[in-house]
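Chemist: Structure file work_19.cif (mmCIF, N, CA and C atoms and all ligand atoms) right here:
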data_entry
loop_
_atom_site.label_atom_id
_atom_site.label_comp_id
_atom_site.auth_asym_id
_atom_site.auth_seq_id
_atom_site.Cartn_x
_atom_site.Cartn_y
_atom_site.Cartn_z
N MET E 1 -36.30 -175.17 -192.36
CA MET E 1 -35.56 -174.48 -191.29
C MET E 1 -34.38 -175.32 -190.84
N GLU E 2 -33.32 -174.63 -190.44
CA GLU E 2 -32.14 -175.35 -189.97
C GLU E 2 -32.36 -175.89 -188.56
N LYS E 3 -31.65 -176.96 -188.26
CA LYS E 3 -31.82 -177.63 -186.96
C LYS E 3 -31.61 -176.69 -185.77
N THR E 4 -30.60 -175.85 -185.85
CA THR E 4 -30.33 -174.95 -184.72
C THR E 4 -31.47 -173.95 -184.52
N GLU E 5 -32.07 -173.52 -185.65
CA GLU E 5 -33.20 -172.58 -185.58
C GLU E 5 -34.41 -173.26 -184.93
N ILE E 6 -34.64 -174.51 -185.31
CA ILE E 6 -35.78 -175.25 -184.75
C ILE E 6 -35.56 -175.46 -183.26
N TRP E 7 -34.35 -175.88 -182.95
CA TRP E 7 -33.95 -176.10 -181.56
C TRP E 7 -34.29 -174.87 -180.72
N GLU E 8 -33.84 -173.70 -181.21
CA GLU E 8 -34.03 -172.46 -180.47
C GLU E 8 -35.52 -172.13 -180.31
N LEU E 9 -36.30 -172.34 -181.39
CA LEU E 9 -37.74 -172.04 -181.33
C LEU E 9 -38.44 -172.95 -180.32
N VAL E 10 -38.08 -174.21 -180.31
CA VAL E 10 -38.68 -175.15 -179.35
C VAL E 10 -38.31 -174.74 -177.92
N GLU E 11 -37.09 -174.33 -177.73
CA GLU E 11 -36.66 -173.91 -176.38
C GLU E 11 -37.40 -172.64 -175.95
N GLN E 12 -37.67 -171.75 -176.90
CA GLN E 12 -38.42 -170.53 -176.57
C GLN E 12 -39.87 -170.86 -176.20
N ALA E 13 -40.42 -171.88 -176.86
CA ALA E 13 -41.78 -172.33 -176.51
C ALA E 13 -41.78 -172.94 -175.10
N ALA E 14 -40.75 -173.69 -174.79
CA ALA E 14 -40.65 -174.31 -173.45
C ALA E 14 -40.54 -173.24 -172.37
N GLU E 15 -39.81 -172.19 -172.68
CA GLU E 15 -39.65 -171.08 -171.73
C GLU E 15 -41.00 -170.37 -171.53
N ALA E 16 -41.72 -170.13 -172.64
CA ALA E 16 -43.02 -169.46 -172.58
C ALA E 16 -44.03 -170.29 -171.79
N ARG E 17 -43.89 -171.60 -171.87
CA ARG E 17 -44.80 -172.52 -171.15
C ARG E 17 -44.80 -172.25 -169.65
N LYS E 18 -43.68 -171.77 -169.14
CA LYS E 18 -43.57 -171.50 -167.69
C LYS E 18 -44.57 -170.45 -167.24
N GLN E 19 -45.05 -169.61 -168.18
CA GLN E 19 -46.02 -168.55 -167.84
C GLN E 19 -47.47 -169.04 -167.94
N SER E 20 -47.66 -170.28 -168.34
CA SER E 20 -49.02 -170.82 -168.51
C SER E 20 -49.90 -170.51 -167.30
N TYR E 21 -51.09 -169.97 -167.60
CA TYR E 21 -52.09 -169.75 -166.54
C TYR E 21 -53.16 -170.81 -166.73
N SER E 22 -53.01 -171.91 -166.01
CA SER E 22 -53.90 -173.07 -166.25
C SER E 22 -54.34 -173.73 -164.94
N PRO E 23 -55.02 -172.92 -164.08
CA PRO E 23 -55.44 -173.46 -162.77
C PRO E 23 -56.57 -174.49 -162.85
N TYR E 24 -57.21 -174.62 -164.04
CA TYR E 24 -58.34 -175.56 -164.14
C TYR E 24 -57.93 -176.88 -164.76
N SER E 25 -57.20 -176.83 -165.86
CA SER E 25 -56.78 -178.09 -166.50
C SER E 25 -55.43 -178.57 -165.99
N HIS E 26 -54.65 -177.67 -165.45
CA HIS E 26 -53.26 -177.99 -165.04
C HIS E 26 -52.46 -178.55 -166.21
N PHE E 27 -52.85 -178.14 -167.41
CA PHE E 27 -52.15 -178.55 -168.64
C PHE E 27 -51.44 -177.30 -169.17
N MET E 28 -50.13 -177.35 -169.16
CA MET E 28 -49.35 -176.13 -169.46
C MET E 28 -48.81 -176.18 -170.90
N VAL E 29 -49.08 -175.09 -171.64
CA VAL E 29 -48.64 -175.04 -173.04
C VAL E 29 -47.91 -173.72 -173.30
N GLY E 30 -46.86 -173.83 -174.09
CA GLY E 30 -46.14 -172.64 -174.55
C GLY E 30 -45.95 -172.71 -176.05
N ALA E 31 -45.88 -171.55 -176.68
CA ALA E 31 -45.68 -171.50 -178.13
C ALA E 31 -44.69 -170.40 -178.48
N ALA E 32 -43.95 -170.63 -179.56
CA ALA E 32 -43.04 -169.59 -180.08
C ALA E 32 -43.26 -169.50 -181.58
N LEU E 33 -43.67 -168.33 -182.02
CA LEU E 33 -44.07 -168.09 -183.41
C LEU E 33 -43.01 -167.24 -184.12
N LEU E 34 -42.48 -167.78 -185.20
CA LEU E 34 -41.43 -167.09 -185.96
C LEU E 34 -42.06 -166.31 -187.12
N ALA E 35 -41.96 -165.00 -187.06
CA ALA E 35 -42.49 -164.15 -188.14
C ALA E 35 -41.50 -164.12 -189.30
N ALA E 36 -42.00 -163.73 -190.46
CA ALA E 36 -41.17 -163.71 -191.67
C ALA E 36 -39.95 -162.81 -191.53
N ASP E 37 -40.06 -161.76 -190.72
CA ASP E 37 -38.93 -160.84 -190.54
C ASP E 37 -37.95 -161.31 -189.48
N GLY E 38 -38.19 -162.51 -188.92
CA GLY E 38 -37.26 -163.08 -187.94
C GLY E 38 -37.64 -162.85 -186.49
N THR E 39 -38.63 -162.01 -186.25
CA THR E 39 -39.08 -161.75 -184.88
C THR E 39 -39.80 -162.99 -184.33
N VAL E 40 -39.57 -163.30 -183.06
CA VAL E 40 -40.27 -164.42 -182.43
C VAL E 40 -41.27 -163.87 -181.41
N TYR E 41 -42.50 -164.34 -181.51
CA TYR E 41 -43.55 -163.98 -180.55
C TYR E 41 -43.90 -165.21 -179.75
N THR E 42 -43.85 -165.09 -178.43
CA THR E 42 -44.17 -166.25 -177.60
C THR E 42 -45.57 -166.10 -177.00
N GLY E 43 -46.11 -167.22 -176.53
CA GLY E 43 -47.42 -167.19 -175.89
C GLY E 43 -47.60 -168.40 -175.00
N CYS E 44 -48.56 -168.29 -174.08
CA CYS E 44 -48.91 -169.43 -173.23
C CYS E 44 -50.42 -169.54 -173.21
N ASN E 45 -50.93 -170.68 -172.72
CA ASN E 45 -52.39 -170.78 -172.58
C ASN E 45 -52.83 -169.98 -171.36
N ILE E 46 -53.99 -169.36 -171.51
CA ILE E 46 -54.55 -168.50 -170.46
C ILE E 46 -55.99 -168.94 -170.22
N GLU E 47 -56.22 -169.61 -169.10
CA GLU E 47 -57.55 -170.16 -168.83
C GLU E 47 -58.42 -169.15 -168.09
N ASN E 48 -59.68 -169.53 -167.94
CA ASN E 48 -60.66 -168.62 -167.36
C ASN E 48 -61.68 -169.43 -166.56
N ALA E 49 -62.14 -168.87 -165.45
CA ALA E 49 -63.10 -169.56 -164.59
C ALA E 49 -64.39 -169.89 -165.34
N ALA E 50 -64.71 -169.10 -166.37
CA ALA E 50 -65.90 -169.38 -167.18
C ALA E 50 -65.59 -170.35 -168.32
N TYR E 51 -64.38 -170.85 -168.35
CA TYR E 51 -63.90 -171.87 -169.29
C TYR E 51 -63.78 -171.43 -170.74
N THR E 52 -64.91 -171.02 -171.36
CA THR E 52 -64.86 -170.76 -172.81
C THR E 52 -63.95 -169.60 -173.22
N PRO E 53 -63.72 -168.60 -172.38
CA PRO E 53 -62.79 -167.54 -172.81
C PRO E 53 -61.33 -167.98 -172.84
N THR E 54 -61.05 -169.21 -172.48
CA THR E 54 -59.67 -169.71 -172.49
C THR E 54 -59.00 -169.49 -173.84
N ASN E 55 -57.76 -169.04 -173.79
CA ASN E 55 -56.99 -168.84 -175.02
C ASN E 55 -55.80 -169.80 -175.04
N CYS E 56 -55.64 -170.49 -176.14
CA CYS E 56 -54.51 -171.41 -176.27
C CYS E 56 -53.20 -170.64 -176.46
N ALA E 57 -52.11 -171.33 -176.18
CA ALA E 57 -50.78 -170.72 -176.31
C ALA E 57 -50.52 -170.22 -177.74
N GLU E 58 -50.95 -171.02 -178.72
CA GLU E 58 -50.70 -170.67 -180.12
C GLU E 58 -51.40 -169.37 -180.48
N ARG E 59 -52.67 -169.26 -180.07
CA ARG E 59 -53.41 -168.04 -180.41
C ARG E 59 -52.88 -166.84 -179.65
N THR E 60 -52.43 -167.04 -178.43
CA THR E 60 -51.81 -165.92 -177.70
C THR E 60 -50.64 -165.38 -178.51
N ALA E 61 -49.81 -166.29 -179.02
CA ALA E 61 -48.63 -165.87 -179.80
C ALA E 61 -49.07 -165.16 -181.08
N PHE E 62 -50.04 -165.72 -181.79
CA PHE E 62 -50.52 -165.10 -183.03
C PHE E 62 -51.10 -163.71 -182.76
N PHE E 63 -51.90 -163.60 -181.72
CA PHE E 63 -52.58 -162.32 -181.49
C PHE E 63 -51.59 -161.26 -181.03
N LYS E 64 -50.58 -161.68 -180.29
CA LYS E 64 -49.52 -160.72 -179.94
C LYS E 64 -48.85 -160.21 -181.22
N ALA E 65 -48.53 -161.13 -182.11
CA ALA E 65 -47.81 -160.77 -183.34
C ALA E 65 -48.66 -159.87 -184.24
N VAL E 66 -49.91 -160.27 -184.45
CA VAL E 66 -50.78 -159.50 -185.34
C VAL E 66 -51.04 -158.11 -184.74
N SER E 67 -51.17 -158.06 -183.43
CA SER E 67 -51.42 -156.75 -182.78
C SER E 67 -50.20 -155.84 -182.87
N GLU E 68 -49.07 -156.42 -183.26
CA GLU E 68 -47.87 -155.59 -183.47
C GLU E 68 -47.53 -155.48 -184.96
N GLY E 69 -48.51 -155.79 -185.80
CA GLY E 69 -48.36 -155.50 -187.23
C GLY E 69 -47.80 -156.61 -188.08
N ARG E 70 -47.55 -157.81 -187.51
CA ARG E 70 -47.02 -158.91 -188.31
C ARG E 70 -48.17 -159.72 -188.91
N HIS E 71 -48.06 -159.99 -190.20
CA HIS E 71 -49.10 -160.78 -190.88
C HIS E 71 -48.51 -161.95 -191.65
N SER E 72 -47.22 -162.15 -191.52
CA SER E 72 -46.55 -163.16 -192.32
C SER E 72 -45.62 -163.99 -191.44
N PHE E 73 -45.77 -165.33 -191.52
CA PHE E 73 -45.09 -166.20 -190.56
C PHE E 73 -44.46 -167.42 -191.22
N ARG E 74 -43.40 -167.90 -190.60
CA ARG E 74 -42.68 -169.06 -191.14
C ARG E 74 -42.98 -170.34 -190.38
N ALA E 75 -43.00 -170.27 -189.05
CA ALA E 75 -43.10 -171.50 -188.25
C ALA E 75 -43.58 -171.20 -186.84
N ILE E 76 -44.10 -172.26 -186.21
CA ILE E 76 -44.45 -172.17 -184.78
C ILE E 76 -43.96 -173.42 -184.08
N ALA E 77 -43.45 -173.26 -182.87
CA ALA E 77 -43.11 -174.41 -182.03
C ALA E 77 -44.07 -174.43 -180.85
N ILE E 78 -44.49 -175.63 -180.47
CA ILE E 78 -45.46 -175.79 -179.38
C ILE E 78 -44.89 -176.82 -178.40
N VAL E 79 -44.93 -176.48 -177.11
CA VAL E 79 -44.48 -177.42 -176.08
C VAL E 79 -45.58 -177.50 -175.03
N GLY E 80 -46.07 -178.71 -174.76
CA GLY E 80 -47.16 -178.84 -173.80
C GLY E 80 -47.18 -180.15 -173.06
N GLY E 81 -47.85 -180.12 -171.94
CA GLY E 81 -48.02 -181.33 -171.14
C GLY E 81 -48.56 -180.96 -169.77
N PRO E 82 -49.03 -181.96 -169.03
CA PRO E 82 -49.57 -181.69 -167.71
C PRO E 82 -48.52 -181.11 -166.77
N LYS E 83 -48.99 -180.27 -165.84
CA LYS E 83 -48.09 -179.54 -164.92
C LYS E 83 -47.10 -180.48 -164.23
N ASP E 84 -47.60 -181.58 -163.71
CA ASP E 84 -46.71 -182.47 -162.97
C ASP E 84 -46.40 -183.77 -163.71
N GLY E 85 -46.60 -183.76 -165.04
CA GLY E 85 -46.35 -184.98 -165.81
C GLY E 85 -45.34 -184.75 -166.91
N GLU E 86 -45.28 -185.71 -167.79
CA GLU E 86 -44.31 -185.63 -168.88
C GLU E 86 -44.82 -184.76 -170.03
N LEU E 87 -43.91 -184.14 -170.73
CA LEU E 87 -44.29 -183.38 -171.93
C LEU E 87 -44.79 -184.35 -172.98
N GLN E 88 -45.70 -183.87 -173.82
CA GLN E 88 -46.19 -184.69 -174.93
C GLN E 88 -46.08 -183.88 -176.23
N TYR E 89 -46.24 -184.54 -177.35
CA TYR E 89 -46.29 -183.80 -178.62
C TYR E 89 -47.67 -183.17 -178.67
N CYS E 90 -47.75 -181.92 -178.26
CA CYS E 90 -49.04 -181.24 -178.08
C CYS E 90 -49.50 -180.64 -179.41
N THR E 91 -50.54 -181.21 -179.93
CA THR E 91 -51.02 -180.83 -181.26
C THR E 91 -52.03 -179.67 -181.16
N PRO E 92 -51.96 -178.71 -182.07
CA PRO E 92 -52.85 -177.55 -181.97
C PRO E 92 -54.32 -177.91 -182.17
N CYS E 93 -55.18 -177.26 -181.40
CA CYS E 93 -56.62 -177.53 -181.51
C CYS E 93 -57.15 -176.99 -182.84
N GLY E 94 -58.36 -177.34 -183.16
CA GLY E 94 -58.96 -176.93 -184.44
C GLY E 94 -59.08 -175.42 -184.58
N VAL E 95 -59.40 -174.76 -183.49
CA VAL E 95 -59.55 -173.30 -183.55
C VAL E 95 -58.21 -172.65 -183.88
N CYS E 96 -57.14 -173.15 -183.25
CA CYS E 96 -55.80 -172.58 -183.53
C CYS E 96 -55.38 -172.87 -184.97
N ARG E 97 -55.72 -174.04 -185.48
CA ARG E 97 -55.40 -174.35 -186.88
C ARG E 97 -56.10 -173.35 -187.80
N GLN E 98 -57.32 -173.01 -187.46
CA GLN E 98 -58.07 -172.06 -188.28
C GLN E 98 -57.43 -170.67 -188.23
N VAL E 99 -56.92 -170.28 -187.07
CA VAL E 99 -56.22 -168.99 -186.96
C VAL E 99 -54.95 -169.02 -187.82
N MET E 100 -54.25 -170.15 -187.81
CA MET E 100 -53.06 -170.30 -188.67
C MET E 100 -53.45 -170.14 -190.14
N MET E 101 -54.58 -170.72 -190.50
CA MET E 101 -55.09 -170.68 -191.88
C MET E 101 -55.29 -169.23 -192.36
N GLU E 102 -55.65 -168.38 -191.43
CA GLU E 102 -55.91 -166.97 -191.78
C GLU E 102 -54.65 -166.25 -192.22
N PHE E 103 -53.53 -166.59 -191.60
CA PHE E 103 -52.31 -165.80 -191.81
C PHE E 103 -51.17 -166.56 -192.49
N CYS E 104 -51.30 -167.86 -192.66
CA CYS E 104 -50.14 -168.64 -193.10
C CYS E 104 -50.41 -169.36 -194.42
N THR E 105 -49.32 -169.67 -195.10
CA THR E 105 -49.42 -170.45 -196.34
C THR E 105 -49.44 -171.94 -195.97
N PRO E 106 -49.80 -172.80 -196.94
CA PRO E 106 -49.91 -174.23 -196.64
C PRO E 106 -48.60 -174.87 -196.15
N ASP E 107 -47.47 -174.27 -196.52
CA ASP E 107 -46.18 -174.84 -196.10
C ASP E 107 -45.68 -174.30 -194.76
N PHE E 108 -46.50 -173.53 -194.07
CA PHE E 108 -46.17 -173.06 -192.71
C PHE E 108 -45.79 -174.27 -191.85
N GLU E 109 -44.67 -174.13 -191.13
CA GLU E 109 -44.15 -175.29 -190.37
C GLU E 109 -44.62 -175.27 -188.91
N ILE E 110 -45.02 -176.44 -188.44
CA ILE E 110 -45.51 -176.59 -187.07
C ILE E 110 -44.68 -177.66 -186.38
N TYR E 111 -43.95 -177.24 -185.34
CA TYR E 111 -43.08 -178.18 -184.62
C TYR E 111 -43.69 -178.49 -183.26
N LEU E 112 -44.00 -179.76 -183.05
CA LEU E 112 -44.49 -180.20 -181.74
C LEU E 112 -43.28 -180.72 -181.00
N GLY E 113 -42.86 -179.99 -179.96
CA GLY E 113 -41.59 -180.30 -179.34
C GLY E 113 -41.70 -180.74 -177.89
N LYS E 114 -40.74 -181.53 -177.50
CA LYS E 114 -40.56 -181.83 -176.07
C LYS E 114 -39.34 -181.07 -175.56
N ASN E 115 -38.29 -181.10 -176.36
CA ASN E 115 -37.15 -180.21 -176.14
C ASN E 115 -36.48 -180.02 -177.51
N GLY E 116 -35.37 -179.28 -177.51
CA GLY E 116 -34.75 -178.90 -178.77
C GLY E 116 -34.42 -180.08 -179.68
N GLU E 117 -34.10 -181.22 -179.08
CA GLU E 117 -33.69 -182.38 -179.90
C GLU E 117 -34.85 -183.30 -180.24
N ASP E 118 -35.95 -183.12 -179.58
CA ASP E 118 -37.06 -184.07 -179.67
C ASP E 118 -38.33 -183.35 -180.12
N TYR E 119 -38.60 -183.45 -181.42
CA TYR E 119 -39.77 -182.76 -181.96
C TYR E 119 -40.28 -183.49 -183.20
N ILE E 120 -41.54 -183.20 -183.56
CA ILE E 120 -42.12 -183.71 -184.80
C ILE E 120 -42.49 -182.50 -185.66
N ARG E 121 -42.26 -182.62 -186.95
CA ARG E 121 -42.56 -181.51 -187.86
C ARG E 121 -43.81 -181.82 -188.69
N TYR E 122 -44.69 -180.84 -188.77
CA TYR E 122 -45.83 -180.91 -189.68
C TYR E 122 -45.90 -179.62 -190.48
N THR E 123 -46.67 -179.64 -191.55
CA THR E 123 -47.01 -178.39 -192.22
C THR E 123 -48.49 -178.11 -191.94
N LEU E 124 -48.88 -176.85 -192.15
CA LEU E 124 -50.29 -176.51 -191.94
C LEU E 124 -51.18 -177.32 -192.87
N LYS E 125 -50.70 -177.55 -194.09
CA LYS E 125 -51.49 -178.32 -195.05
C LYS E 125 -51.78 -179.73 -194.52
N GLU E 126 -50.80 -180.29 -193.81
CA GLU E 126 -51.00 -181.65 -193.25
C GLU E 126 -52.02 -181.64 -192.11
N LEU E 127 -51.98 -180.59 -191.28
CA LEU E 127 -52.87 -180.57 -190.11
C LEU E 127 -54.24 -179.97 -190.41
N LEU E 128 -54.33 -179.20 -191.51
CA LEU E 128 -55.63 -178.63 -191.88
C LEU E 128 -55.81 -178.70 -193.39
N PRO E 129 -56.01 -179.91 -193.92
CA PRO E 129 -56.20 -180.03 -195.36
C PRO E 129 -57.55 -179.44 -195.77
N GLU E 130 -57.58 -178.87 -196.93
CA GLU E 130 -58.84 -178.30 -197.46
C GLU E 130 -59.47 -177.28 -196.50
N GLY E 131 -58.63 -176.52 -195.82
CA GLY E 131 -59.16 -175.53 -194.87
C GLY E 131 -59.84 -174.37 -195.58
N PHE E 132 -60.72 -173.73 -194.87
CA PHE E 132 -61.42 -172.54 -195.39
C PHE E 132 -60.61 -171.32 -194.98
N GLY E 133 -60.27 -170.47 -195.95
CA GLY E 133 -59.42 -169.33 -195.63
C GLY E 133 -59.78 -168.09 -196.40
N PRO E 134 -58.97 -167.05 -196.26
CA PRO E 134 -59.25 -165.77 -196.91
C PRO E 134 -59.50 -165.89 -198.41
N ALA E 135 -58.84 -166.83 -199.08
CA ALA E 135 -59.01 -166.98 -200.53
C ALA E 135 -60.45 -167.33 -200.90
N ASN E 136 -61.13 -168.02 -199.99
CA ASN E 136 -62.52 -168.39 -200.27
C ASN E 136 -63.45 -167.19 -200.36
N LEU E 137 -63.02 -166.09 -199.77
CA LEU E 137 -63.89 -164.90 -199.75
C LEU E 137 -63.49 -163.85 -200.79
N GLU E 138 -62.48 -164.19 -201.59
CA GLU E 138 -62.05 -163.25 -202.62
C GLU E 138 -63.09 -163.17 -203.73
N ARG E 139 -63.38 -161.92 -204.17
CA ARG E 139 -64.34 -161.73 -205.26
C ARG E 139 -63.60 -161.77 -206.58
N GLU E 140 -64.29 -162.24 -207.57
CA GLU E 140 -63.63 -162.31 -208.89
C GLU E 140 -63.67 -160.97 -209.60
N1 LIG E 201 -54.12 -175.89 -175.13
C1 LIG E 201 -53.23 -175.06 -175.76
O1 LIG E 201 -52.89 -173.99 -175.25
N2 LIG E 201 -52.74 -175.45 -176.96
C2 LIG E 201 -52.97 -176.66 -177.54
O2 LIG E 201 -52.40 -176.94 -178.59
C3 LIG E 201 -53.91 -177.59 -176.92
C4 LIG E 201 -54.60 -177.13 -175.70
C5 LIG E 201 -54.60 -175.50 -173.80
C6 LIG E 201 -56.03 -175.06 -173.68
C7 LIG E 201 -56.32 -175.37 -172.22
O3 LIG E 201 -55.86 -174.29 -171.44
C8 LIG E 201 -55.46 -176.58 -171.91
O4 LIG E 201 -54.46 -176.61 -172.92
C9 LIG E 201 -56.21 -177.89 -171.89
O5 LIG E 201 -56.97 -178.06 -173.03
#
Output the structure of this file as structure tokens.

Modeler:
Amino acid sequence: MEKTEIWELVEQAAEARKQSYSPYSHFMVGAALLAADGTVYTGCNIENAAYTPTNCAERTAFFKAVSEGRHSFRAIAIVGGPKDGELQYCTPCGVCRQVMMEFCTPDFEIYLGKNGEDYIRYTLKELLPEGFGPANLERE
């Protein structure tokens, strides 16, 4: 991806982070997911008083996209950090990596951003090597 595209995706994740519903952890996360057709789906983390129903920002973005018919993706940007603290390179949890595995190829790009100029790039293969995915269930 070109630098300006990455920049924009990280900024969209930062904007989405403002909607974070995180009254329990006070850890605010935003994500911006770029579909193959160029559409961007944003998401934030949504917590719950019962804790376990909490949805991460990444999965919110994926589920919005899939619910609108998108199954093919190029990249995701993630911006996270404590409400009153500094942003950090917020790495996706294991459950979100597994959701990525369902819909993305190994070269799917994951940008952990603080702002448009400050980010780290990973691929899904790097963050989830030897993952279990749809191919494992294909019949011969
Ligand atoms: N969280 C995300 O939304 N994405 C991540 O990549 C890591 C964690 C959320 C879940 C929970 O609402 C809060 O951050 C603290 O774990």

Chemist: For Thr60 of chain E, please output as a list in words all residues within 6 Å (counting only N, CA and C atoms; exclusion window: fewer than 5 positions along the same chain).

Modeler: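 In the requested form, the answer reads Thr42, Gly43, Cys44, Asn55 and Ala65 of chain E.
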
Chemist: Identify which of the residues E:Ala13, E:Ala50, E:Ala57, E:Val99 lies closest to ligand LIG 201 (chain E), counting all atoms listed in the file when measuring atom-to-atom distances.

Modeler: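 For ligand LIG 201 (chain E), the nearest of the given residues is E:Ala57.
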
Chemist: Output as a VMD selection string all residues of segment 48-87 of chain E that backbone DSSP marks as strand (DSSP E).

Modeler: chain E and resid 73 to 82

Chemist: Provide the atom N of Asn115 of chain E to atom N of Val40 of chain E distance in Å, to one decimal place.

Modeler: 19.1 Å

Chemist: Can I get the residues close to ligand LIG 201 (chain E) as a ChimeraX atom specification, where close means within 10 Å and we count only C-alpha atoms and all ligand atoms?

Modeler: /E:17,20-31,43-48,51-60,78-82,89-97,112

Chemist: Output N, CA and C atoms for every residue in that selection, as a compact mmCIF listing (two decimals), in the frame of the given file.

Modeler:
# COMPACT_ATOMS: atom_id res chain seq x y z
N ARG E 17 -43.89 -171.60 -171.87
CA ARG E 17 -44.80 -172.52 -171.15
C ARG E 17 -44.80 -172.25 -169.65
N SER E 20 -47.66 -170.28 -168.34
CA SER E 20 -49.02 -170.82 -168.51
C SER E 20 -49.90 -170.51 -167.30
N TYR E 21 -51.09 -169.97 -167.60
CA TYR E 21 -52.09 -169.75 -166.54
C TYR E 21 -53.16 -170.81 -166.73
N SER E 22 -53.01 -171.91 -166.01
CA SER E 22 -53.90 -173.07 -166.25
C SER E 22 -54.34 -173.73 -164.94
N PRO E 23 -55.02 -172.92 -164.08
CA PRO E 23 -55.44 -173.46 -162.77
C PRO E 23 -56.57 -174.49 -162.85
N TYR E 24 -57.21 -174.62 -164.04
CA TYR E 24 -58.34 -175.56 -164.14
C TYR E 24 -57.93 -176.88 -164.76
N SER E 25 -57.20 -176.83 -165.86
CA SER E 25 -56.78 -178.09 -166.50
C SER E 25 -55.43 -178.57 -165.99
N HIS E 26 -54.65 -177.67 -165.45
CA HIS E 26 -53.26 -177.99 -165.04
C HIS E 26 -52.46 -178.55 -166.21
N PHE E 27 -52.85 -178.14 -167.41
CA PHE E 27 -52.15 -178.55 -168.64
C PHE E 27 -51.44 -177.30 -169.17
N MET E 28 -50.13 -177.35 -169.16
CA MET E 28 -49.35 -176.13 -169.46
C MET E 28 -48.81 -176.18 -170.90
N VAL E 29 -49.08 -175.09 -171.64
CA VAL E 29 -48.64 -175.04 -173.04
C VAL E 29 -47.91 -173.72 -173.30
N GLY E 30 -46.86 -173.83 -174.09
CA GLY E 30 -46.14 -172.64 -174.55
C GLY E 30 -45.95 -172.71 -176.05
N ALA E 31 -45.88 -171.55 -176.68
CA ALA E 31 -45.68 -171.50 -178.13
C ALA E 31 -44.69 -170.40 -178.48
N GLY E 43 -46.11 -167.22 -176.53
CA GLY E 43 -47.42 -167.19 -175.89
C GLY E 43 -47.60 -168.40 -175.00
N CYS E 44 -48.56 -168.29 -174.08
CA CYS E 44 -48.91 -169.43 -173.23
C CYS E 44 -50.42 -169.54 -173.21
N ASN E 45 -50.93 -170.68 -172.72
CA ASN E 45 -52.39 -170.78 -172.58
C ASN E 45 -52.83 -169.98 -171.36
N ILE E 46 -53.99 -169.36 -171.51
CA ILE E 46 -54.55 -168.50 -170.46
C ILE E 46 -55.99 -168.94 -170.22
N GLU E 47 -56.22 -169.61 -169.10
CA GLU E 47 -57.55 -170.16 -168.83
C GLU E 47 -58.42 -169.15 -168.09
N ASN E 48 -59.68 -169.53 -167.94
CA ASN E 48 -60.66 -168.62 -167.36
C ASN E 48 -61.68 -169.43 -166.56
N TYR E 51 -64.38 -170.85 -168.35
CA TYR E 51 -63.90 -171.87 -169.29
C TYR E 51 -63.78 -171.43 -170.74
N THR E 52 -64.91 -171.02 -171.36
CA THR E 52 -64.86 -170.76 -172.81
C THR E 52 -63.95 -169.60 -173.22
N PRO E 53 -63.72 -168.60 -172.38
CA PRO E 53 -62.79 -167.54 -172.81
C PRO E 53 -61.33 -167.98 -172.84
N THR E 54 -61.05 -169.21 -172.48
CA THR E 54 -59.67 -169.71 -172.49
C THR E 54 -59.00 -169.49 -173.84
N ASN E 55 -57.76 -169.04 -173.79
CA ASN E 55 -56.99 -168.84 -175.02
C ASN E 55 -55.80 -169.80 -175.04
N CYS E 56 -55.64 -170.49 -176.14
CA CYS E 56 -54.51 -171.41 -176.27
C CYS E 56 -53.20 -170.64 -176.46
N ALA E 57 -52.11 -171.33 -176.18
CA ALA E 57 -50.78 -170.72 -176.31
C ALA E 57 -50.52 -170.22 -177.74
N GLU E 58 -50.95 -171.02 -178.72
CA GLU E 58 -50.70 -170.67 -180.12
C GLU E 58 -51.40 -169.37 -180.48
N ARG E 59 -52.67 -169.26 -180.07
CA ARG E 59 -53.41 -168.04 -180.41
C ARG E 59 -52.88 -166.84 -179.65
N THR E 60 -52.43 -167.04 -178.43
CA THR E 60 -51.81 -165.92 -177.70
C THR E 60 -50.64 -165.38 -178.51
N ILE E 78 -44.49 -175.63 -180.47
CA ILE E 78 -45.46 -175.79 -179.38
C ILE E 78 -44.89 -176.82 -178.40
N VAL E 79 -44.93 -176.48 -177.11
CA VAL E 79 -44.48 -177.42 -176.08
C VAL E 79 -45.58 -177.50 -175.03
N GLY E 80 -46.07 -178.71 -174.76
CA GLY E 80 -47.16 -178.84 -173.80
C GLY E 80 -47.18 -180.15 -173.06
N GLY E 81 -47.85 -180.12 -171.94
CA GLY E 81 -48.02 -181.33 -171.14
C GLY E 81 -48.56 -180.96 -169.77
N PRO E 82 -49.03 -181.96 -169.03
CA PRO E 82 -49.57 -181.69 -167.71
C PRO E 82 -48.52 -181.11 -166.77
N TYR E 89 -46.24 -184.54 -177.35
CA TYR E 89 -46.29 -183.80 -178.62
C TYR E 89 -47.67 -183.17 -178.67
N CYS E 90 -47.75 -181.92 -178.26
CA CYS E 90 -49.04 -181.24 -178.08
C CYS E 90 -49.50 -180.64 -179.41
N THR E 91 -50.54 -181.21 -179.93
CA THR E 91 -51.02 -180.83 -181.26
C THR E 91 -52.03 -179.67 -181.16
N PRO E 92 -51.96 -178.71 -182.07
CA PRO E 92 -52.85 -177.55 -181.97
C PRO E 92 -54.32 -177.91 -182.17
N CYS E 93 -55.18 -177.26 -181.40
CA CYS E 93 -56.62 -177.53 -181.51
C CYS E 93 -57.15 -176.99 -182.84
N GLY E 94 -58.36 -177.34 -183.16
CA GLY E 94 -58.96 -176.93 -184.44
C GLY E 94 -59.08 -175.42 -184.58
N VAL E 95 -59.40 -174.76 -183.49
CA VAL E 95 -59.55 -173.30 -183.55
C VAL E 95 -58.21 -172.65 -183.88
N CYS E 96 -57.14 -173.15 -183.25
CA CYS E 96 -55.80 -172.58 -183.53
C CYS E 96 -55.38 -172.87 -184.97
N ARG E 97 -55.72 -174.04 -185.48
CA ARG E 97 -55.40 -174.35 -186.88
C ARG E 97 -56.10 -173.35 -187.80
N LEU E 112 -44.00 -179.76 -183.05
CA LEU E 112 -44.49 -180.20 -181.74
C LEU E 112 -43.28 -180.72 -181.00
